[in-house]
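Student: The following file, start_17.cif, comprises mmCIF, N, CA and C atoms:
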data_structure
loop_
_atom_site.group_PDB
_atom_site.id
_atom_site.type_symbol
_atom_site.label_atom_id
_atom_site.label_comp_id
_atom_site.auth_asym_id
_atom_site.auth_seq_id
_atom_site.Cartn_x
_atom_site.Cartn_y
_atom_site.Cartn_z
ATOM 1 N N MET X 1 137.423 79.049 89.651
ATOM 2 C CA MET X 1 136.858 79.639 88.437
ATOM 3 C C MET X 1 135.430 79.148 88.252
ATOM 4 N N GLN X 2 134.574 80.027 87.774
ATOM 5 C CA GLN X 2 133.179 79.693 87.541
ATOM 6 C C GLN X 2 133.047 78.761 86.348
ATOM 7 N N GLU X 3 131.900 78.141 86.271
ATOM 8 C CA GLU X 3 131.612 77.238 85.165
ATOM 9 C C GLU X 3 130.415 77.767 84.391
ATOM 10 N N LEU X 4 130.499 77.751 83.091
ATOM 11 C CA LEU X 4 129.388 78.159 82.245
ATOM 12 C C LEU X 4 128.802 76.902 81.631
ATOM 13 N N LYS X 5 127.514 76.678 81.834
ATOM 14 C CA LYS X 5 126.851 75.503 81.281
ATOM 15 C C LYS X 5 126.134 75.889 80.002
ATOM 16 N N ILE X 6 126.363 75.117 78.967
ATOM 17 C CA ILE X 6 125.685 75.327 77.700
ATOM 18 C C ILE X 6 124.316 74.658 77.792
ATOM 19 N N PHE X 7 123.281 75.357 77.366
ATOM 20 C CA PHE X 7 121.913 74.859 77.435
ATOM 21 C C PHE X 7 121.361 74.799 76.021
ATOM 22 N N ARG X 8 121.323 73.631 75.443
ATOM 23 C CA ARG X 8 120.855 73.470 74.064
ATOM 24 C C ARG X 8 119.343 73.274 74.043
ATOM 25 N N LYS X 9 118.711 73.983 73.122
ATOM 26 C CA LYS X 9 117.258 73.892 72.971
ATOM 27 C C LYS X 9 116.941 73.611 71.517
ATOM 28 N N GLU X 10 115.819 72.965 71.298
ATOM 29 C CA GLU X 10 115.342 72.697 69.946
ATOM 30 C C GLU X 10 115.179 74.021 69.199
ATOM 31 N N GLY X 11 115.753 74.089 67.997
ATOM 32 C CA GLY X 11 115.619 75.278 67.157
ATOM 33 C C GLY X 11 116.664 76.352 67.415
ATOM 34 N N TRP X 12 117.570 76.113 68.368
ATOM 35 C CA TRP X 12 118.613 77.079 68.707
ATOM 36 C C TRP X 12 119.983 76.423 68.599
ATOM 37 N N LYS X 13 121.003 77.240 68.406
ATOM 38 C CA LYS X 13 122.376 76.745 68.397
ATOM 39 C C LYS X 13 123.288 77.799 69.010
ATOM 40 N N LEU X 14 124.458 77.381 69.420
ATOM 41 C CA LEU X 14 125.462 78.307 69.908
ATOM 42 C C LEU X 14 125.942 79.126 68.718
ATOM 43 N N ASN X 15 126.125 80.410 68.905
ATOM 44 C CA ASN X 15 126.591 81.289 67.840
ATOM 45 C C ASN X 15 127.878 80.726 67.244
ATOM 46 N N GLU X 16 127.965 80.702 65.932
ATOM 47 C CA GLU X 16 129.139 80.133 65.260
ATOM 48 C C GLU X 16 130.327 81.085 65.208
ATOM 49 N N ASP X 17 130.116 82.347 65.552
ATOM 50 C CA ASP X 17 131.187 83.343 65.525
ATOM 51 C C ASP X 17 131.957 83.279 66.850
ATOM 52 N N ASP X 18 133.118 82.643 66.819
ATOM 53 C CA ASP X 18 133.921 82.453 68.033
ATOM 54 C C ASP X 18 134.292 83.777 68.694
ATOM 55 N N LYS X 19 134.497 84.806 67.921
ATOM 56 C CA LYS X 19 134.848 86.113 68.473
ATOM 57 C C LYS X 19 133.714 86.635 69.362
ATOM 58 N N ILE X 20 132.493 86.504 68.872
ATOM 59 C CA ILE X 20 131.324 86.935 69.654
ATOM 60 C C ILE X 20 131.170 86.070 70.895
ATOM 61 N N VAL X 21 131.247 84.762 70.725
ATOM 62 C CA VAL X 21 131.085 83.838 71.854
ATOM 63 C C VAL X 21 132.136 84.110 72.928
ATOM 64 N N ASN X 22 133.387 84.254 72.550
ATOM 65 C CA ASN X 22 134.448 84.502 73.528
ATOM 66 C C ASN X 22 134.249 85.830 74.252
ATOM 67 N N ALA X 23 133.814 86.862 73.529
ATOM 68 C CA ALA X 23 133.573 88.161 74.163
ATOM 69 C C ALA X 23 132.419 88.067 75.168
ATOM 70 N N ILE X 24 131.361 87.363 74.804
ATOM 71 C CA ILE X 24 130.221 87.203 75.707
ATOM 72 C C ILE X 24 130.624 86.415 76.941
ATOM 73 N N ILE X 25 131.363 85.343 76.756
ATOM 74 C CA ILE X 25 131.785 84.521 77.891
ATOM 75 C C ILE X 25 132.656 85.330 78.852
ATOM 76 N N LYS X 26 133.552 86.148 78.335
ATOM 77 C CA LYS X 26 134.372 87.004 79.208
ATOM 78 C C LYS X 26 133.485 87.938 80.033
ATOM 79 N N ARG X 27 132.474 88.519 79.382
ATOM 80 C CA ARG X 27 131.559 89.427 80.093
ATOM 81 C C ARG X 27 130.718 88.681 81.122
ATOM 82 N N ILE X 28 130.325 87.449 80.815
ATOM 83 C CA ILE X 28 129.555 86.645 81.772
ATOM 84 C C ILE X 28 130.376 86.437 83.041
ATOM 85 N N PHE X 29 131.639 86.091 82.901
ATOM 86 C CA PHE X 29 132.487 85.869 84.078
ATOM 87 C C PHE X 29 132.701 87.160 84.861
ATOM 88 N N LYS X 30 132.802 88.295 84.165
ATOM 89 C CA LYS X 30 132.935 89.586 84.851
ATOM 90 C C LYS X 30 131.658 89.954 85.603
ATOM 91 N N CYS X 31 130.523 89.422 85.136
ATOM 92 C CA CYS X 31 129.221 89.714 85.752
ATOM 93 C C CYS X 31 128.804 88.636 86.756
ATOM 94 N N ASN X 32 129.772 87.894 87.268
ATOM 95 C CA ASN X 32 129.469 86.870 88.280
ATOM 96 C C ASN X 32 128.565 85.763 87.760
ATOM 97 N N GLY X 33 128.715 85.408 86.493
ATOM 98 C CA GLY X 33 127.936 84.336 85.900
ATOM 99 C C GLY X 33 126.606 84.767 85.319
ATOM 100 N N GLU X 34 126.278 86.046 85.483
ATOM 101 C CA GLU X 34 125.010 86.544 84.967
ATOM 102 C C GLU X 34 125.145 86.970 83.516
ATOM 103 N N CYS X 35 124.026 86.915 82.813
ATOM 104 C CA CYS X 35 123.975 87.388 81.442
ATOM 105 C C CYS X 35 124.407 88.854 81.423
ATOM 106 N N PRO X 36 125.287 89.244 80.501
ATOM 107 C CA PRO X 36 125.780 90.628 80.477
ATOM 108 C C PRO X 36 124.822 91.616 79.817
ATOM 109 N N CYS X 37 123.713 91.144 79.325
ATOM 110 C CA CYS X 37 122.758 92.019 78.620
ATOM 111 C C CYS X 37 121.852 92.750 79.591
ATOM 112 N N ASP X 38 121.040 93.608 79.023
ATOM 113 C CA ASP X 38 119.988 94.264 79.788
ATOM 114 C C ASP X 38 118.947 93.193 80.074
ATOM 115 N N ASN X 39 119.118 92.499 81.187
ATOM 116 C CA ASN X 39 118.341 91.315 81.492
ATOM 117 C C ASN X 39 117.294 91.618 82.549
ATOM 118 N N PRO X 40 116.021 91.386 82.246
ATOM 119 C CA PRO X 40 114.956 91.747 83.179
ATOM 120 C C PRO X 40 114.734 90.771 84.333
ATOM 121 N N GLY X 41 115.567 89.759 84.470
ATOM 122 C CA GLY X 41 115.366 88.786 85.535
ATOM 123 C C GLY X 41 115.336 89.425 86.909
ATOM 124 N N GLU X 42 114.472 88.918 87.770
ATOM 125 C CA GLU X 42 114.302 89.489 89.099
ATOM 126 C C GLU X 42 115.338 88.995 90.099
ATOM 127 N N THR X 43 115.826 87.783 89.924
ATOM 128 C CA THR X 43 116.780 87.208 90.886
ATOM 129 C C THR X 43 118.090 86.876 90.187
ATOM 130 N N HIS X 44 119.098 86.617 90.990
ATOM 131 C CA HIS X 44 120.401 86.204 90.453
ATOM 132 C C HIS X 44 120.236 84.948 89.594
ATOM 133 N N GLU X 45 119.414 84.008 90.050
ATOM 134 C CA GLU X 45 119.195 82.767 89.304
ATOM 135 C C GLU X 45 118.520 83.041 87.962
ATOM 136 N N ASP X 46 117.618 84.018 87.917
ATOM 137 C CA ASP X 46 116.970 84.390 86.651
ATOM 138 C C ASP X 46 117.984 84.906 85.644
ATOM 139 N N ARG X 47 118.992 85.601 86.132
ATOM 140 C CA ARG X 47 119.976 86.251 85.260
ATOM 141 C C ARG X 47 121.189 85.382 84.967
ATOM 142 N N LEU X 48 121.342 84.244 85.665
ATOM 143 C CA LEU X 48 122.473 83.365 85.390
ATOM 144 C C LEU X 48 122.411 82.866 83.955
ATOM 145 N N CYS X 49 123.549 82.868 83.302
ATOM 146 C CA CYS X 49 123.610 82.422 81.916
ATOM 147 C C CYS X 49 123.594 80.895 81.846
ATOM 148 N N PRO X 50 122.755 80.298 81.026
ATOM 149 C CA PRO X 50 121.757 80.907 80.174
ATOM 150 C C PRO X 50 120.590 81.417 81.003
ATOM 151 N N CYS X 51 120.189 82.639 80.734
ATOM 152 C CA CYS X 51 119.213 83.342 81.563
ATOM 153 C C CYS X 51 117.788 82.818 81.368
ATOM 154 N N LYS X 52 116.931 83.252 82.265
ATOM 155 C CA LYS X 52 115.523 82.860 82.232
ATOM 156 C C LYS X 52 114.847 83.275 80.916
ATOM 157 N N GLU X 53 115.224 84.433 80.381
ATOM 158 C CA GLU X 53 114.650 84.901 79.115
ATOM 159 C C GLU X 53 114.872 83.867 78.013
ATOM 160 N N TYR X 54 116.073 83.295 77.976
ATOM 161 C CA TYR X 54 116.380 82.274 76.971
ATOM 162 C C TYR X 54 115.719 80.948 77.330
ATOM 163 N N ARG X 55 115.861 80.528 78.571
ATOM 164 C CA ARG X 55 115.337 79.227 78.989
ATOM 165 C C ARG X 55 113.826 79.139 78.827
ATOM 166 N N GLU X 56 113.104 80.193 79.199
ATOM 167 C CA GLU X 56 111.648 80.119 79.245
ATOM 168 C C GLU X 56 110.929 80.908 78.147
ATOM 169 N N ASN X 57 111.551 81.965 77.627
ATOM 170 C CA ASN X 57 110.858 82.838 76.681
ATOM 171 C C ASN X 57 111.462 82.849 75.282
ATOM 172 N N ASN X 58 112.478 82.006 75.048
ATOM 173 C CA ASN X 58 113.123 81.912 73.733
ATOM 174 C C ASN X 58 113.652 83.243 73.224
ATOM 175 N N ILE X 59 114.289 84.000 74.136
ATOM 176 C CA ILE X 59 114.896 85.277 73.766
ATOM 177 C C ILE X 59 116.348 85.269 74.239
ATOM 178 N N CYS X 60 117.279 85.517 73.328
ATOM 179 C CA CYS X 60 118.692 85.642 73.703
ATOM 180 C C CYS X 60 119.163 87.012 73.232
ATOM 181 N N HIS X 61 119.251 87.937 74.177
ATOM 182 C CA HIS X 61 119.620 89.312 73.851
ATOM 183 C C HIS X 61 121.078 89.445 73.418
ATOM 184 N N CYS X 62 121.964 88.658 73.993
ATOM 185 C CA CYS X 62 123.398 88.830 73.735
ATOM 186 C C CYS X 62 123.879 88.099 72.484
ATOM 187 N N GLN X 63 123.046 87.242 71.923
ATOM 188 C CA GLN X 63 123.373 86.464 70.727
ATOM 189 C C GLN X 63 124.386 85.346 70.990
ATOM 190 N N LEU X 64 124.503 84.915 72.255
ATOM 191 C CA LEU X 64 125.298 83.714 72.527
ATOM 192 C C LEU X 64 124.616 82.526 71.850
ATOM 193 N N TYR X 65 123.296 82.514 71.924
ATOM 194 C CA TYR X 65 122.490 81.508 71.234
ATOM 195 C C TYR X 65 121.731 82.207 70.120
ATOM 196 N N VAL X 66 121.649 81.533 68.976
ATOM 197 C CA VAL X 66 120.925 82.074 67.828
ATOM 198 C C VAL X 66 119.978 80.991 67.300
ATOM 199 N N LYS X 67 118.899 81.434 66.680
ATOM 200 C CA LYS X 67 117.961 80.482 66.102
ATOM 201 C C LYS X 67 118.574 79.835 64.875
ATOM 202 N N LYS X 68 118.272 78.554 64.693
ATOM 203 C CA LYS X 68 118.783 77.815 63.527
ATOM 204 C C LYS X 68 118.112 78.294 62.269
#
Would you mind giving the structure from this file in structure tokens?
Tutor:
Amino acid sequence: MQELKIFRKEGWKLNEDDKIVNAIIKRIFKCNGECPCDNPGETHEDRLCPCKEYRENNICHCQLYVKK
């Protein structure tokens, strides 16, 4: 089974809605560990959750992470 690593950043938190988080995590595993959103990453590593958009550009399209 794949592993999902939580990446905590200043000013962000994991979404408090367990229903949303569980649905996103299921989709991540179905997508081979990649973010299930319309993710512009060029490589598999760019799209791995947490994706490059979140890690480098402070954008989380799927709402797994939300701003505090």
Student: Please indicate the distance in Å from atom C of X:Glu53 to atom CA of X:Glu16, rounded to one decimal place.
Tutor: 19.5 Å
Student: From the set X:Leu4, X:Leu64, X:Leu14, X:Cys51, which residue has the shortest atom-to-atom contact distance to X:Phe29, counting only C-alpha atoms?
Tutor: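 Among X:Leu4, X:Leu64, X:Leu14, X:Cys51, it is X:Leu4 that comes nearest to X:Phe29.
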Student: Quick check on the file I pasted: which residues fall under the PyMOL selection byres (((chain X and resi 33-50 and name CA) around 12) and name CA)? Write them as an NGL selection string.
Tutor: :X and (1-9 or 14 or 23-32 or 51-65)
Student: Rounded to one decimal in Å, what is the spacing between atom CA of X:Val66 and atom C of X:Asn15?
Tutor: 7.1 Å
Student: Would you compute the distance between atom N of X:Glu10 and atom C of X:Lys68? Give it in Å to one decimal.
Tutor: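 The value is 10.7 Å.
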Student: Looking only at the backbone, which of the residues in chain X does DSSP tag as helix (DSSP H, G or I), as an NGL selection string?
Tutor: :X and (18-30 or 44-47 or 52-57)
Student: Please run DSSP on the backbone and report, as a PDB file with N, CA and C atoms, in the coordinates of the input, all residues within chain X that come out as strand (DSSP E).
Tutor:
ATOM      1  N   TRP X  12     117.570  76.113  68.368  1.00  0.00           N
ATOM      2  CA  TRP X  12     118.613  77.079  68.707  1.00  0.00           C
ATOM      3  C   TRP X  12     119.983  76.423  68.599  1.00  0.00           C
ATOM      4  N   LYS X  13     121.003  77.240  68.406  1.00  0.00           N
ATOM      5  CA  LYS X  13     122.376  76.745  68.397  1.00  0.00           C
ATOM      6  C   LYS X  13     123.288  77.799  69.010  1.00  0.00           C
ATOM      7  N   LEU X  14     124.458  77.381  69.420  1.00  0.00           N
ATOM      8  CA  LEU X  14     125.462  78.307  69.908  1.00  0.00           C
ATOM      9  C   LEU X  14     125.942  79.126  68.718  1.00  0.00           C
ATOM     10  N   TYR X  65     123.296  82.514  71.924  1.00  0.00           N
ATOM     11  CA  TYR X  65     122.490  81.508  71.234  1.00  0.00           C
ATOM     12  C   TYR X  65     121.731  82.207  70.120  1.00  0.00           C
ATOM     13  N   VAL X  66     121.649  81.533  68.976  1.00  0.00           N
ATOM     14  CA  VAL X  66     120.925  82.074  67.828  1.00  0.00           C
ATOM     15  C   VAL X  66     119.978  80.991  67.300  1.00  0.00           C
ATOM     16  N   LYS X  67     118.899  81.434  66.680  1.00  0.00           N
ATOM     17  CA  LYS X  67     117.961  80.482  66.102  1.00  0.00           C
ATOM     18  C   LYS X  67     118.574  79.835  64.875  1.00  0.00           C
TER      19      LYS X  67
END
